[in-house]
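Q: Next comes the structure file start27.tsv, holding TSV, C-alpha atoms.
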chain	number	residue	atom	x	y	z
A	1	MET	CA	105.12	48.32	85.21
A	2	PRO	CA	103.64	46.01	87.90
A	3	LEU	CA	100.74	44.78	85.73
A	4	TYR	CA	101.28	41.16	84.75
A	5	ASN	CA	99.23	38.89	82.54
A	6	ARG	CA	98.71	35.30	81.46
A	7	LEU	CA	97.40	36.20	78.05
A	8	LYS	CA	99.96	34.12	76.15
A	9	GLU	CA	99.09	31.11	78.30
A	10	TYR	CA	95.36	31.49	77.73
A	11	ARG	CA	95.88	32.06	74.03
A	12	ALA	CA	97.98	28.92	73.76
A	13	ARG	CA	95.26	26.93	75.51
A	14	VAL	CA	92.69	27.97	72.92
A	15	GLY	CA	95.25	27.59	70.12
A	16	ILE	CA	94.97	30.93	68.40
A	17	ASN	CA	97.77	33.24	67.28
A	18	GLN	CA	98.18	36.95	68.06
A	19	SER	CA	96.60	38.09	64.79
A	20	GLU	CA	93.45	36.05	65.39
A	21	MET	CA	93.30	37.17	69.01
A	22	GLY	CA	93.62	40.80	67.90
A	23	ARG	CA	90.89	40.39	65.30
A	24	LEU	CA	88.56	38.81	67.88
A	25	VAL	CA	88.87	41.68	70.35
A	26	GLY	CA	89.17	44.45	67.75
A	27	VAL	CA	92.83	45.48	68.02
A	28	SER	CA	96.00	44.89	66.03
A	29	ARG	CA	98.42	42.00	66.42
A	30	GLN	CA	101.01	44.48	67.65
A	31	THR	CA	98.79	45.50	70.57
A	32	ILE	CA	98.35	41.88	71.68
A	33	SER	CA	102.11	41.37	71.37
A	34	GLN	CA	102.85	44.47	73.47
A	35	ILE	CA	100.37	43.40	76.15
A	36	GLU	CA	101.93	39.94	76.35
A	37	ARG	CA	105.42	41.41	76.64
A	38	GLY	CA	104.21	43.76	79.38
A	39	ASP	CA	105.12	46.83	77.32
A	40	TYR	CA	101.56	48.11	77.30
A	41	SER	CA	98.78	48.07	79.89
A	42	PRO	CA	95.46	47.61	78.11
A	43	SER	CA	92.47	49.84	78.71
A	44	VAL	CA	89.72	48.51	81.00
A	45	VAL	CA	87.48	47.94	77.98
A	46	LEU	CA	90.10	45.88	76.17
A	47	ALA	CA	90.95	43.87	79.32
A	48	LEU	CA	87.24	43.10	79.77
A	49	LYS	CA	86.87	42.12	76.12
A	50	ILE	CA	89.81	39.72	76.40
A	51	ALA	CA	88.47	38.22	79.64
A	52	ARG	CA	85.01	37.85	78.11
A	53	TYR	CA	86.47	36.02	75.11
A	54	PHE	CA	88.14	33.45	77.39
A	55	ASP	CA	85.07	33.43	79.64
A	56	VAL	CA	87.05	34.06	82.84
A	57	PRO	CA	87.16	36.98	85.32
A	58	VAL	CA	89.55	39.73	84.26
A	59	GLU	CA	91.75	39.10	87.35
A	60	ASP	CA	92.55	35.61	86.07
A	61	ILE	CA	94.34	37.09	83.07
A	62	PHE	CA	95.59	40.43	84.42
A	63	TYR	CA	96.99	40.81	87.90
A	64	TYR	CA	98.73	43.57	89.78
A	65	GLU	CA	101.66	42.91	92.11
A	66	GLU	CA	103.81	45.64	93.49
A	67	ASN	CA	106.84	43.64	94.59
A	68	ILE	CA	107.87	40.97	92.15
B	1	MET	CA	89.03	54.80	52.89
B	2	SER	CA	87.40	54.48	49.45
B	3	ARG	CA	89.36	53.87	46.26
B	4	LYS	CA	87.90	57.02	44.73
B	5	GLU	CA	89.04	59.17	47.66
B	6	ASN	CA	92.55	57.70	47.49
B	7	GLY	CA	92.65	58.38	43.76
B	8	ARG	CA	91.61	61.98	44.35
B	9	LYS	CA	94.34	62.43	46.97
B	10	LEU	CA	96.94	60.89	44.66
B	11	ILE	CA	95.97	63.27	41.85
B	12	LEU	CA	96.18	66.25	44.23
B	13	PHE	CA	99.59	65.08	45.42
B	14	ILE	CA	100.95	64.64	41.87
B	15	VAL	CA	99.57	68.04	40.81
B	16	SER	CA	101.29	69.69	43.82
B	17	LEU	CA	104.57	67.96	42.98
B	18	VAL	CA	104.37	68.98	39.31
B	19	VAL	CA	103.63	72.60	40.32
B	20	ILE	CA	106.71	72.62	42.60
B	21	VAL	CA	108.87	71.21	39.77
B	22	ILE	CA	107.60	73.72	37.21
B	23	VAL	CA	107.95	76.69	39.59
B	24	SER	CA	111.51	75.65	40.52
B	25	VAL	CA	112.57	75.22	36.89
B	26	LEU	CA	110.97	78.52	35.86
B	27	LEU	CA	112.56	80.27	38.83
B	28	GLY	CA	115.93	78.82	37.90
B	29	LEU	CA	115.57	79.80	34.23
B	30	PHE	CA	114.36	83.27	35.13
B	31	VAL	CA	117.04	83.98	37.71
B	32	ASN	CA	119.83	82.56	35.57
B	33	ALA	CA	118.63	84.32	32.43
B	34	ASN	CA	118.35	87.68	34.18
B	35	CYS	CA	121.45	87.51	36.26
B	36	TYR	CA	123.83	85.76	33.94
B	37	SER	CA	124.94	88.92	32.16
B	38	ILE	CA	125.04	90.91	35.42
B	39	GLY	CA	127.01	88.09	36.99
B	40	ASN	CA	129.52	88.07	34.15
B	41	PHE	CA	129.84	91.80	34.41
B	42	ILE	CA	130.54	91.64	38.14
B	43	LEU	CA	132.94	88.76	37.58
B	44	ASP	CA	134.88	90.84	35.07
B	45	LEU	CA	135.08	93.70	37.56
B	46	GLU	CA	136.02	91.78	40.67
B	47	LYS	CA	137.56	88.56	39.55
B	48	ASN	CA	139.81	88.05	42.54
B	49	ALA	CA	137.28	88.94	45.22
B	50	GLU	CA	134.69	86.56	43.82
B	51	SER	CA	136.91	83.60	43.19
B	52	ASN	CA	136.43	82.40	46.77
B	53	LEU	CA	132.65	82.48	46.62
B	54	LYS	CA	132.71	80.76	43.24
B	55	THR	CA	134.82	77.98	44.72
B	56	ILE	CA	132.54	77.70	47.76
B	57	MET	CA	129.48	77.40	45.50
B	58	LEU	CA	131.22	74.80	43.37
B	59	VAL	CA	132.10	72.74	46.45
B	60	LEU	CA	128.57	73.11	47.86
B	61	ASP	CA	127.00	72.04	44.57
B	62	THR	CA	129.37	69.09	44.14
B	63	VAL	CA	128.83	67.88	47.73
B	64	THR	CA	125.04	68.21	47.34
B	65	CYS	CA	125.08	66.26	44.07
B	66	VAL	CA	127.16	63.47	45.64
B	67	ILE	CA	124.89	63.34	48.73
B	68	ASP	CA	121.80	63.25	46.47
B	69	ILE	CA	123.11	60.41	44.32
B	70	VAL	CA	124.28	58.37	47.32
B	71	GLY	CA	120.97	59.03	49.10
B	72	ILE	CA	118.91	57.91	46.10
B	73	ILE	CA	120.96	54.70	45.78
B	74	VAL	CA	120.65	53.97	49.54
B	75	ILE	CA	116.87	54.60	49.53
B	76	ILE	CA	116.30	52.31	46.54
B	77	THR	CA	118.52	49.57	48.03
B	78	MET	CA	116.86	49.71	51.45
B	79	CYS	CA	113.44	49.62	49.85
B	80	CYS	CA	114.34	46.46	47.93
B	81	ILE	CA	115.77	44.82	51.09
B	82	LEU	CA	112.60	45.66	53.04
B	83	SER	CA	110.40	44.31	50.27
B	84	LYS	CA	112.35	41.03	50.31
B	85	MET	CA	112.14	40.85	54.12
B	86	VAL	CA	108.37	41.23	54.21
B	87	ASN	CA	107.71	38.88	51.32
B	88	SER	CA	109.80	36.11	52.87
B	89	GLN	CA	108.16	36.51	56.26
B	90	ASP	CA	108.11	34.00	59.08
B	91	ILE	CA	104.46	33.65	60.10
B	92	SER	CA	105.09	32.86	63.77
B	93	ASP	CA	104.28	35.58	66.33
B	94	ASP	CA	107.92	35.99	67.38
B	95	GLY	CA	109.02	36.08	63.75
B	96	LEU	CA	106.48	38.80	62.99
B	97	ASP	CA	107.67	40.84	66.00
B	98	ALA	CA	111.29	40.66	64.86
B	99	LEU	CA	110.34	41.43	61.26
B	100	GLU	CA	108.27	44.40	62.33
B	101	THR	CA	111.12	45.83	64.40
B	102	ARG	CA	113.50	45.58	61.44
B	103	VAL	CA	110.97	47.05	58.99
B	104	ASP	CA	110.17	49.98	61.31
B	105	LEU	CA	113.86	50.69	61.92
B	106	ASN	CA	114.70	50.61	58.21
B	107	ALA	CA	111.65	52.66	57.36
B	108	SER	CA	112.70	55.33	59.88
B	109	ILE	CA	116.24	55.39	58.44
B	110	VAL	CA	114.93	55.77	54.87
B	111	GLN	CA	112.62	58.61	55.92
B	112	ILE	CA	115.42	60.39	57.82
B	113	ILE	CA	117.76	60.06	54.79
B	114	PHE	CA	115.02	61.32	52.47
B	115	LEU	CA	114.18	64.35	54.63
B	116	SER	CA	117.85	65.22	55.28
B	117	GLU	CA	118.95	65.12	51.67
B	118	LEU	CA	115.85	67.01	50.62
B	119	ALA	CA	116.72	69.75	53.14
B	120	ILE	CA	120.33	69.84	51.89
B	121	SER	CA	119.20	70.05	48.25
B	122	ILE	CA	116.70	72.82	48.97
B	123	PHE	CA	119.34	74.73	50.95
B	124	CYS	CA	121.80	74.35	48.07
B	125	THR	CA	119.20	75.45	45.51
B	126	CYS	CA	118.43	78.54	47.63
B	127	CYS	CA	122.16	79.34	47.84
B	128	ASN	CA	122.39	78.90	44.06
B	129	ILE	CA	119.51	81.32	43.51
B	130	LEU	CA	120.90	83.88	45.95
B	131	ASN	CA	124.44	83.64	44.54
B	132	VAL	CA	123.42	82.97	40.98
B	133	GLU	CA	126.23	85.05	39.50
B	134	TYR	CA	128.78	82.80	41.20
B	135	THR	CA	127.08	79.46	40.46
B	136	TYR	CA	127.83	77.45	37.36
B	137	VAL	CA	124.55	77.21	35.45
B	138	ILE	CA	125.06	73.50	34.74
B	139	PHE	CA	125.39	72.85	38.48
B	140	TYR	CA	122.28	74.88	39.25
B	141	PHE	CA	120.21	72.65	36.98
B	142	LEU	CA	122.02	69.48	38.04
B	143	VAL	CA	121.16	70.17	41.70
B	144	LEU	CA	117.59	71.06	40.75
B	145	PHE	CA	117.23	67.94	38.61
B	146	LEU	CA	118.63	65.71	41.37
B	147	THR	CA	116.29	67.34	43.91
B	148	MET	CA	113.31	66.51	41.72
B	149	VAL	CA	114.52	62.94	41.12
B	150	GLU	CA	115.08	62.57	44.84
B	151	MET	CA	111.60	63.90	45.64
B	152	ILE	CA	110.00	61.44	43.25
B	153	VAL	CA	112.17	58.48	44.34
B	154	GLY	CA	111.69	59.40	48.02
B	155	CYS	CA	107.91	59.66	47.71
B	156	VAL	CA	107.66	56.38	45.80
B	157	ALA	CA	109.98	54.67	48.32
B	158	CYS	CA	108.04	56.03	51.30
B	159	GLN	CA	104.78	54.87	49.70
B	160	LYS	CA	106.26	51.40	49.14
B	161	ILE	CA	107.45	51.25	52.75
B	162	MET	CA	104.06	52.40	54.01
B	163	LYS	CA	102.46	49.62	51.96
B	164	LEU	CA	104.78	47.10	53.63
B	165	GLN	CA	103.94	48.52	57.05
B	166	ASN	CA	100.24	48.41	56.18
B	167	LYS	CA	100.69	44.77	55.23
B	168	LEU	CA	102.11	44.05	58.69
B	169	SER	CA	99.41	46.15	60.43
B	170	PRO	CA	96.22	45.52	58.47
B	171	ASN	CA	94.24	48.01	60.59
B	172	VAL	CA	96.38	50.84	59.19
B	173	ASP	CA	96.11	52.17	55.64
B	174	LEU	CA	98.49	55.11	55.36
B	175	ARG	CA	99.51	56.80	52.14
B	176	VAL	CA	102.36	59.20	51.54
B	177	TYR	CA	100.04	61.60	49.71
B	178	ASP	CA	97.74	62.03	52.69
B	179	PHE	CA	98.21	65.71	53.50
B	180	LYS	CA	97.01	65.23	57.08
B	181	ILE	CA	98.98	62.07	57.68
B	182	MET	CA	99.11	62.50	61.47
B	183	SER	CA	95.33	62.87	61.77
B	184	VAL	CA	94.86	59.79	59.58
B	185	GLN	CA	97.29	57.86	61.80
B	186	GLU	CA	95.37	58.97	64.89
B	187	GLN	CA	92.07	57.81	63.40
B	188	GLN	CA	93.30	54.43	62.20
B	189	PHE	CA	95.54	53.39	65.08
B	190	ASP	CA	94.25	51.22	67.90
B	191	GLU	CA	94.86	52.01	71.57
B	192	ALA	CA	98.45	50.73	71.94
B	193	GLN	CA	99.57	52.29	68.66
B	194	ARG	CA	97.90	55.57	69.61
B	195	ASP	CA	99.54	55.46	73.03
B	196	ALA	CA	102.96	55.09	71.37
B	197	LEU	CA	102.15	57.90	68.94
B	198	TYR	CA	101.12	60.28	71.75
B	199	LYS	CA	104.22	59.44	73.81
B	200	ALA	CA	106.49	60.04	70.81
B	201	THR	CA	104.72	63.29	69.96
B	202	TYR	CA	104.92	64.63	73.51
B	203	SER	CA	108.61	63.80	73.88
B	204	THR	CA	109.28	65.47	70.52
B	205	PHE	CA	107.43	68.56	71.73
B	206	LYS	CA	109.44	68.63	74.97
B	207	LEU	CA	112.71	68.28	73.09
B	208	CYS	CA	111.78	70.95	70.53
B	209	CYS	CA	110.72	73.36	73.26
B	210	ASN	CA	114.03	72.92	75.10
B	211	VAL	CA	116.17	73.11	71.97
B	212	PHE	CA	114.41	76.18	70.58
B	213	SER	CA	114.54	77.92	73.97
B	214	ILE	CA	118.31	77.31	74.21
B	215	LEU	CA	118.80	78.41	70.60
B	216	PHE	CA	116.77	81.53	71.34
B	217	VAL	CA	119.09	82.49	74.23
B	218	ILE	CA	122.26	81.69	72.24
B	219	PHE	CA	121.11	83.63	69.18
B	220	LEU	CA	120.04	86.53	71.41
B	221	LEU	CA	123.51	86.74	72.93
B	222	VAL	CA	125.21	86.41	69.54
B	223	THR	CA	122.95	89.10	68.09
B	224	VAL	CA	123.74	91.49	70.94
B	225	VAL	CA	127.49	90.85	70.81
B	226	PHE	CA	127.98	90.89	67.05
B	227	ASP	CA	125.25	93.35	66.14
B	228	ILE	CA	123.64	91.17	63.43
B	229	PRO	CA	119.99	91.29	62.21
B	230	ILE	CA	117.51	90.28	64.89
B	231	PHE	CA	115.08	88.45	62.55
B	232	THR	CA	116.25	84.91	63.46
B	233	VAL	CA	115.96	85.64	67.20
B	234	ALA	CA	112.48	87.09	66.77
B	235	LEU	CA	111.43	84.03	64.76
B	236	LEU	CA	112.83	81.59	67.33
B	237	GLY	CA	111.20	83.52	70.20
B	238	ALA	CA	107.88	83.54	68.37
B	239	MET	CA	108.14	79.78	67.78
B	240	VAL	CA	108.84	79.05	71.46
B	241	VAL	CA	105.94	81.26	72.59
B	242	PHE	CA	103.59	79.82	69.96
B	243	MET	CA	104.42	76.20	70.86
B	244	ASN	CA	103.90	76.80	74.56
B	245	VAL	CA	100.70	78.79	74.13
B	246	VAL	CA	99.17	76.13	71.88
B	247	PHE	CA	100.23	73.41	74.32
B	248	LEU	CA	98.73	75.27	77.31
B	249	ILE	CA	95.42	75.79	75.50
B	250	LYS	CA	95.25	72.17	74.30
B	251	ASN	CA	96.22	70.90	77.74
B	252	TYR	CA	93.49	72.97	79.39
B	253	ARG	CA	90.91	71.74	76.87
B	254	ALA	CA	91.99	68.14	77.37
B	255	GLN	CA	91.64	68.42	81.14
B	256	HIS	CA	88.37	70.33	81.06
B	257	PRO	CA	86.43	69.12	78.03
B	258	LYS	CA	83.27	70.98	77.13
B	259	LYS	CA	80.13	69.15	78.24
B	260	LYS	CA	77.82	68.20	75.40
B	261	LYS	CA	74.52	70.02	75.29
B	262	GLY	CA	71.58	68.10	76.66
B	263	VAL	CA	73.67	65.63	78.67
As structure tokens, please, write out the structure in this file.
A:
Amino acid sequence: MPLYNRLKEYRARVGINQSEMGRLVGVSRQTISQIERGDYSPSVVLALKIARYFDVPVEDIFYYEENI
Amino acid sequence: MSRKENGRKLILFIVSLVVIVIVSVLLGLFVNANCYSIGNFILDLEKNAESNLKTIMLVLDTVTCVIDIVGIIVIITMCCILSKMVNSQDISDDGLDALETRVDLNASIVQIIFLSELAISIFCTCCNILNVEYTYVIFYFLVLFLTMVEMIVGCVACQKIMKLQNKLSPNVDLRVYDFKIMSVQEQQFDEAQRDALYKATYSTFKLCCNVFSILFVIFLLVTVVFDIPIFTVALLGAMVVFMNVVFLIKNYRAQHPKKKKGV
């Protein structure tokens, strides 16, 4: 799936683990883990919630590239 | 979910289990008591002709008992291993991912073993009831007893595994005695978990539809060629039609949801 993300990087910057991240945006640790691995594309609402938490535009965390 | 509600569900589950046990034992006692003399009478009349069926029943009962005992031992062992795994967990994110994969895999294996041996035991019990005059009474009750033990051990093991899974996914609180377990899953899961659930459900539906359609055609041909009762074919055909009709209706409703009044 050509949706990539820098969630792990952003999370590491703030210094929180997947469980805390999940709790902050209202999902499970497994969902955060799947997003980071690229196994799951989050809904728009969840992507916006994550971006809002880090206080950055959503494109900074999630980006779409067709040919990588 | 409140403690009181869980307690109520547990009581309902135990009552259902006890009713099944009592009905099975009574059925066994009744059938054996009524047919034992008839069975002996038939055995006296046709000793040679029945010796084969008697042997087949003996083999079936023995194999079922062995499978049941092995299954119970495997389930208990796997449950203990899983418990140890979760309690000695690595708290890093990668460690949790690996642990979760192993727990889910083992949990699926335990559930498959439980369901399979339960199906074998129920099949064997049905054969025992149908061929009661050829079944050794001690084996009838041994199979029945092992089925009950297996049901109790399986339910307890599944509940223990669900608790471990709930520990790893705190947003989920599933219990084996939830009668509508799939609806509860749907309500409690978050978006990624629900996505996985829907994908798994749809692929299961696709597979079932294909398998049942093929079985329907095969059974139809066999029925025509060998002139055997058509009940199985009719049942399979009805299942295929029912599954597809329900899917078409649900699919239409999902694509064209009813607008709420006043919006």
Q: Counting only C-alpha atoms, which residues from chain B have an atom at most 12 Å from any atom of chain A, and could you show them as a PyMOL selection string?
A: chain B and resi 91-101+165-172+188-196
Q: For the selection you just gave me, I'd like the residues written to a file as a PDB file, in the coordinates of the input, keeping C-alpha atoms.
A:
ATOM      1  CA  ILE B  91     104.460  33.650  60.100  1.00  0.00           C
ATOM      2  CA  SER B  92     105.090  32.860  63.770  1.00  0.00           C
ATOM      3  CA  ASP B  93     104.280  35.580  66.330  1.00  0.00           C
ATOM      4  CA  ASP B  94     107.920  35.990  67.380  1.00  0.00           C
ATOM      5  CA  GLY B  95     109.020  36.080  63.750  1.00  0.00           C
ATOM      6  CA  LEU B  96     106.480  38.800  62.990  1.00  0.00           C
ATOM      7  CA  ASP B  97     107.670  40.840  66.000  1.00  0.00           C
ATOM      8  CA  ALA B  98     111.290  40.660  64.860  1.00  0.00           C
ATOM      9  CA  LEU B  99     110.340  41.430  61.260  1.00  0.00           C
ATOM     10  CA  GLU B 100     108.270  44.400  62.330  1.00  0.00           C
ATOM     11  CA  THR B 101     111.120  45.830  64.400  1.00  0.00           C
ATOM     12  CA  GLN B 165     103.940  48.520  57.050  1.00  0.00           C
ATOM     13  CA  ASN B 166     100.240  48.410  56.180  1.00  0.00           C
ATOM     14  CA  LYS B 167     100.690  44.770  55.230  1.00  0.00           C
ATOM     15  CA  LEU B 168     102.110  44.050  58.690  1.00  0.00           C
ATOM     16  CA  SER B 169      99.410  46.150  60.430  1.00  0.00           C
ATOM     17  CA  PRO B 170      96.220  45.520  58.470  1.00  0.00           C
ATOM     18  CA  ASN B 171      94.240  48.010  60.590  1.00  0.00           C
ATOM     19  CA  VAL B 172      96.380  50.840  59.190  1.00  0.00           C
ATOM     20  CA  GLN B 188      93.300  54.430  62.200  1.00  0.00           C
ATOM     21  CA  PHE B 189      95.540  53.390  65.080  1.00  0.00           C
ATOM     22  CA  ASP B 190      94.250  51.220  67.900  1.00  0.00           C
ATOM     23  CA  GLU B 191      94.860  52.010  71.570  1.00  0.00           C
ATOM     24  CA  ALA B 192      98.450  50.730  71.940  1.00  0.00           C
ATOM     25  CA  GLN B 193      99.570  52.290  68.660  1.00  0.00           C
ATOM     26  CA  ARG B 194      97.900  55.570  69.610  1.00  0.00           C
ATOM     27  CA  ASP B 195      99.540  55.460  73.030  1.00  0.00           C
ATOM     28  CA  ALA B 196     102.960  55.090  71.370  1.00  0.00           C
TER      29      ALA B 196
END
Q: From the options A:Val58, A:Val45, A:Leu3, A:Ile50, which residue's atoms come nearest to Gly22 of chain A, counting all atoms listed in the file?
A: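 Comparing A:Val58, A:Val45, A:Leu3, A:Ile50 against Gly22 of chain A, the winner is A:Ile50.
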Q: Excluding Arg37 of chain A and any residue of its chain fewer than 6 positions from it, enumerate the residues within 10 Å of it, using only C-alpha atoms, and give them as an MDAnalysis selection string.
A: chainID A and resid 4:5 7:8 31
Q: Compare A:Pro2, A:Val25, A:Glu36, A:Glu65 by their minimum atom-to-atom distance to Arg52 of chain A, counting all atoms listed in the file, and give me the closest one.
A: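 Closest to Arg52 of chain A of all the choices is A:Val25.
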Q: Take atom CA of Gln111 of chain B and atom CA of Gln187 of chain B and report the distance between them in Å, one decimal.
A: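 So the answer is 21.9 Å.
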Q: Which of these residues is nearest to Asn131 of chain B, using all atoms listed in the file: B:Leu53, B:Ile112, B:Val63, B:Met78?
A: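 Among the listed residues, the smallest separation from Asn131 of chain B belongs to B:Leu53.
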